[in-house]
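Asker: Provided herewith is a single structure, encoded as structure tokens, for subsequent inquiry.
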Amino acid sequence: MLNRHRLLQRQIRKYLADNPPPELTGLLDAVDVAYQQLDEDRAIIERSLVLSSAELGDANRALRVKQAELEANLQRIQAMQQQLVVQEKLASLGGLTAGIAHEIKNPLNFVNNFAELSLELADEMLELLQTDGAPDVAELRELCGMIKGNVDKVLRHGKRADGVVRGMLLHARGQAGERAVADFNALVDEYVSLAFHGVRARNPDLQLELERQLDPAVPHFAFAPQDLSRVVLNLVGNACDATLARREAEPDHRAHVLVQTIHAGASVRLAVRDNGAGVPAALREKIFEPFFTTKPPGAGTGLGLSICYDIVRSHGGELAIAPDSSEGSEFVVSLPYAAA
Amino acid sequence: MRKVLVVDDESDVADLFVQRFRREIKRGDVAFTFALSGEQALQIYEARPSDFVLILSDINMPGMSGFELLRRLRERAPELPVVMISAYGDAEKQQQARTLGAVGFVAKPIDFDLLRPCVLGEPGSDG
């Protein structure tokens with residue numbers, strides 16, 4: 001800039017010969033001063049640009065540190081969230097222990113007793129065979145028939161206990177999200193019982209009519225059994241709790257919980273309806289939010305329905321509360337089986 | 001003959017008692033009536049209240065629970081002995097059964113050597 005300014009000055013002087021009129025000299029001096037001022041301003045701007053880019057660099061470095069911190073925080077939060085999910089899972093399993101013990105001891109009662117009875121009956125048969133003379137064939141046949149019937153019961157109830165344990169292990173250990181083609185009705189049936197017994201173990205006075213309507217048309221389809229079993233446990237457990245809450249206010253209330261599976265087009269629906277305390281319309285938006293709970297402190301983690309919601313969504317399905325849920329409530333899970 | 005009412009929602013319980021007391025039933029020492037729910041048990045009891053000398057009831061049943069049945073039986077027949085039979089073996093439930101007036105508590109799996117004297121009304125048996 002300075003050089004161009006000198007060039008310009010020299011050209012002007014050339015045109016005006018060596019002695020420019022005094023008024024022009026003044027003008028030229030003024031131009032000179034203006035240019036010098038301009039150069040100084042420019043230098044200042046350039047210096048401040050250098051300074052600001054240094055500041056920007058500093059700010060950038062600070063931002064990078066902040067970002068790393070935030071990422072570490074996020075990871076911590078994610079780890080905590082995972083821990084909470086595990087805790088919720090353990091809590092739901094803990095509530096189930098009594099139900100599971102009950103569900104195993106009942107078949108075990110038959111297994112032990114019918115096995116012992118069969119031993120006694122077999123001894124009786126041996127005694128009959130060892131007596132002198134021809135044994136009473138009719139009695140032998142009767143004893144044999146009883147033993148057969150008993151062994152059949154031992155087997156049946158043994159399998160029943162096995163099913164309970166297997167379901168429990170799936171629930172506790174199952175790799176979440178692992179899908180397999182399975183019988184949805186069987187899963188619902190089993191976990192409705194476990195949920196009911198779990199609630200009753202905590203509340204021995206639970207008076208409840210538990211009705212199941214499992215649509216035989218529901219096909220076998222691919223789902224994550226350990227995940228969906230939690231949904232059944234949670235929805236049925238909540239339904240039972242809701243009836244308990246209502247009975248506290250109305251002791252003569254006839255509590256009823258209906259669990260339905262419905263084959264509807266390309267999806268399978270699970271509906272859990274209770275005639276309990278209901279969910280006020282104002283809360284209906286909130287109940288699927290994490291940590292939202294209507295239960296007293298310590299009674300619920302507030303994660304149950306939120307986890308159910310995520311599980312159902314991960315199956316490409318929907319979990320919703322029916323709009324007429326002030327007088328008792330109905331939760332409906334809809335699972336598209338064709339897409340799964 | 002001692003008439004005993006057994007209440008349990010599992011139908012195999014009937015077969016279990018009939019076989020366990022096969023000889024005593026044959027001899028006419030004892031006779032069992034079975035109910036599959038608390039409601040049914042109350043109906044049976046109310047139809048012939050003087051028939052039964054003992055009631056054995058499960059606790060965990062759909063509809064009326066064993067405890068509710070016990071409460072209602074206490075109102076109707078304070079002297080009638082009731083023994084609770086349950087797969088819940090915890091002390092809390094046993095205590096609750098006693099408080100509500102049950103004379104005994106038997107945990108499942110049922111030990112019939114323990115239950116037998118109580119069912120047959122043998123001396124020294126109060127559950």
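Identifiers in this document derive from the order of the structure tokens: chains are assigned A, B, ..., residues are numbered from 1 separately in each chain, and ligands are numbered from 1 in order of occurrence.
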Just list as JSON, numbers by chain whatever in chain B DSSP marks as helix (DSSP H, G or I).
Answerer: {"B": [12, 13, 14, 15, 16, 17, 18, 19, 20, 22, 23, 24, 25, 26, 27, 38, 39, 40, 41, 42, 43, 44, 45, 46, 47, 66, 67, 68, 69, 70, 71, 72, 73, 74, 75, 76, 91, 92, 93, 94, 95, 96, 97, 98, 99, 112, 113, 114, 115, 116, 117, 118, 119, 120]}
Asker: When the cut-off is 7 Å and we count only C-alpha atoms, which residues of chain B are near chain A, given as an mmCIF file with N, CA and C atoms, in the first residue's frame?
Answerer:
```cif
data_model
loop_
_atom_site.group_PDB
_atom_site.id
_atom_site.type_symbol
_atom_site.label_atom_id
_atom_site.label_comp_id
_atom_site.auth_asym_id
_atom_site.auth_seq_id
_atom_site.Cartn_x
_atom_site.Cartn_y
_atom_site.Cartn_z
ATOM 1 N N PRO B 62 -56.763 -69.102 43.138
ATOM 2 C CA PRO B 62 -57.424 -68.010 42.413
ATOM 3 C C PRO B 62 -58.736 -67.671 43.123
ATOM 4 N N GLY B 63 -59.154 -66.433 43.069
ATOM 5 C CA GLY B 63 -60.379 -66.035 43.756
ATOM 6 C C GLY B 63 -60.111 -65.922 45.241
ATOM 7 N N MET B 64 -61.011 -66.501 46.047
ATOM 8 C CA MET B 64 -60.859 -66.387 47.500
ATOM 9 C C MET B 64 -59.604 -67.127 47.969
ATOM 10 N N SER B 65 -58.758 -66.400 48.702
ATOM 11 C CA SER B 65 -57.530 -67.043 49.178
ATOM 12 C C SER B 65 -57.848 -67.919 50.391
ATOM 13 N N PHE B 67 -56.575 -67.753 53.284
ATOM 14 C CA PHE B 67 -56.699 -66.928 54.490
ATOM 15 C C PHE B 67 -58.099 -66.328 54.617
ATOM 16 N N ALA B 87 -47.427 -73.916 49.836
ATOM 17 C CA ALA B 87 -46.066 -73.987 49.294
ATOM 18 C C ALA B 87 -45.228 -72.823 49.812
ATOM 19 N N TYR B 88 -45.899 -71.855 50.459
ATOM 20 C CA TYR B 88 -45.148 -70.795 51.130
ATOM 21 C C TYR B 88 -44.793 -71.300 52.515
ATOM 22 N N LYS B 108 -45.776 -77.384 51.869
ATOM 23 C CA LYS B 108 -45.617 -78.297 50.730
ATOM 24 C C LYS B 108 -44.137 -78.377 50.388
ATOM 25 N N PRO B 109 -43.572 -79.480 49.961
ATOM 26 C CA PRO B 109 -44.235 -80.774 49.781
ATOM 27 C C PRO B 109 -44.761 -81.325 51.112
ATOM 28 N N ILE B 110 -45.993 -81.832 51.074
ATOM 29 C CA ILE B 110 -46.639 -82.288 52.312
ATOM 30 C C ILE B 110 -45.947 -83.540 52.851
#
```
Asker: When you count only C-alpha atoms, which of these residues is closest to Glu122 (chain B): B:Arg2, B:Ile59, B:Ser11, B:Phe32?
Answerer: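 Of all the options, B:Arg2 lies closest to Glu122 (chain B).
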Asker: Please report, as a tab-separated table, each residue of region 186-297 of chain A lying at most 10 Å from region 312-319 of chain A, together with the nearest pair of atoms and the separation in Å rounded to one decimal; use only C-alpha atoms, and order rows by chain and ascending residue number.
Answerer:
```
residue	atom	partner	partner_atom	distance
A:Ala222	CA	A:His315	CA	9.4
A:Phe223	CA	A:His315	CA	7.2
A:Ala224	CA	A:His315	CA	8.3
A:Asp227	CA	A:Val312	CA	8.6
A:Leu228	CA	A:Val312	CA	7.6
A:Val231	CA	A:Val312	CA	8.0
A:Ser267	CA	A:Gly317	CA	8.7
A:Val268	CA	A:Gly317	CA	9.4
A:Arg269	CA	A:Glu318	CA	9.5
A:Leu270	CA	A:Leu319	CA	9.5
A:Ala271	CA	A:Leu319	CA	9.8
A:Phe288	CA	A:Leu319	CA	9.1
```
Asker: May I have the residues within 9 Å of Ile85 (chain B) as a short mmCIF file (atom, residue, chain, number, x, y, z; two decimals) with N, CA, C and O atoms, in the first residue's frame, using only C-alpha atoms and disregarding those fewer than 4 positions away in the same chain?
Answerer:
```cif
data_model
loop_
_atom_site.label_atom_id
_atom_site.label_comp_id
_atom_site.auth_asym_id
_atom_site.auth_seq_id
_atom_site.Cartn_x
_atom_site.Cartn_y
_atom_site.Cartn_z
N ASP B 8 -58.10 -77.18 47.66
CA ASP B 8 -56.88 -76.86 46.89
C ASP B 8 -57.30 -76.71 45.43
O ASP B 8 -58.13 -77.47 44.94
N LEU B 56 -58.77 -78.80 55.71
CA LEU B 56 -57.39 -78.55 55.28
C LEU B 56 -57.47 -77.63 54.07
O LEU B 56 -58.18 -77.94 53.12
N SER B 57 -56.78 -76.50 54.13
CA SER B 57 -56.89 -75.59 52.99
C SER B 57 -55.55 -75.04 52.52
O SER B 57 -54.69 -74.67 53.32
N ASP B 58 -55.43 -75.00 51.20
CA ASP B 58 -54.32 -74.32 50.54
C ASP B 58 -54.49 -72.81 50.80
O ASP B 58 -55.58 -72.35 51.14
N ILE B 59 -53.40 -72.04 50.68
CA ILE B 59 -53.53 -70.59 50.87
C ILE B 59 -53.68 -69.89 49.53
O ILE B 59 -54.57 -69.08 49.31
N GLY B 66 -56.90 -68.79 50.73
CA GLY B 66 -57.09 -69.67 51.89
C GLY B 66 -57.27 -68.88 53.17
O GLY B 66 -58.04 -69.28 54.06
N GLY B 104 -53.05 -75.38 62.64
CA GLY B 104 -51.78 -75.92 62.16
C GLY B 104 -51.39 -75.35 60.81
O GLY B 104 -52.19 -74.70 60.14
N PHE B 105 -50.15 -75.58 60.45
CA PHE B 105 -49.62 -75.12 59.17
C PHE B 105 -48.72 -76.21 58.62
O PHE B 105 -47.78 -76.65 59.30
N VAL B 106 -49.02 -76.68 57.43
CA VAL B 106 -48.19 -77.73 56.81
C VAL B 106 -47.61 -77.17 55.52
O VAL B 106 -48.34 -76.61 54.69
N ALA B 107 -46.29 -77.29 55.39
CA ALA B 107 -45.64 -76.77 54.18
C ALA B 107 -45.63 -77.84 53.10
O ALA B 107 -45.54 -79.03 53.38
N LYS B 108 -45.78 -77.38 51.87
CA LYS B 108 -45.62 -78.30 50.73
C LYS B 108 -44.14 -78.38 50.39
O LYS B 108 -43.46 -77.36 50.48
N ILE B 110 -45.99 -81.83 51.07
CA ILE B 110 -46.64 -82.29 52.31
C ILE B 110 -45.95 -83.54 52.85
O ILE B 110 -45.71 -84.50 52.12
#
```
Asker: As an exercise, work out the distance from CA of Gln40 (chain B) to CA of Leu70 (chain B) in Å and give it to one decimal place.
Answerer: 13.3 Å
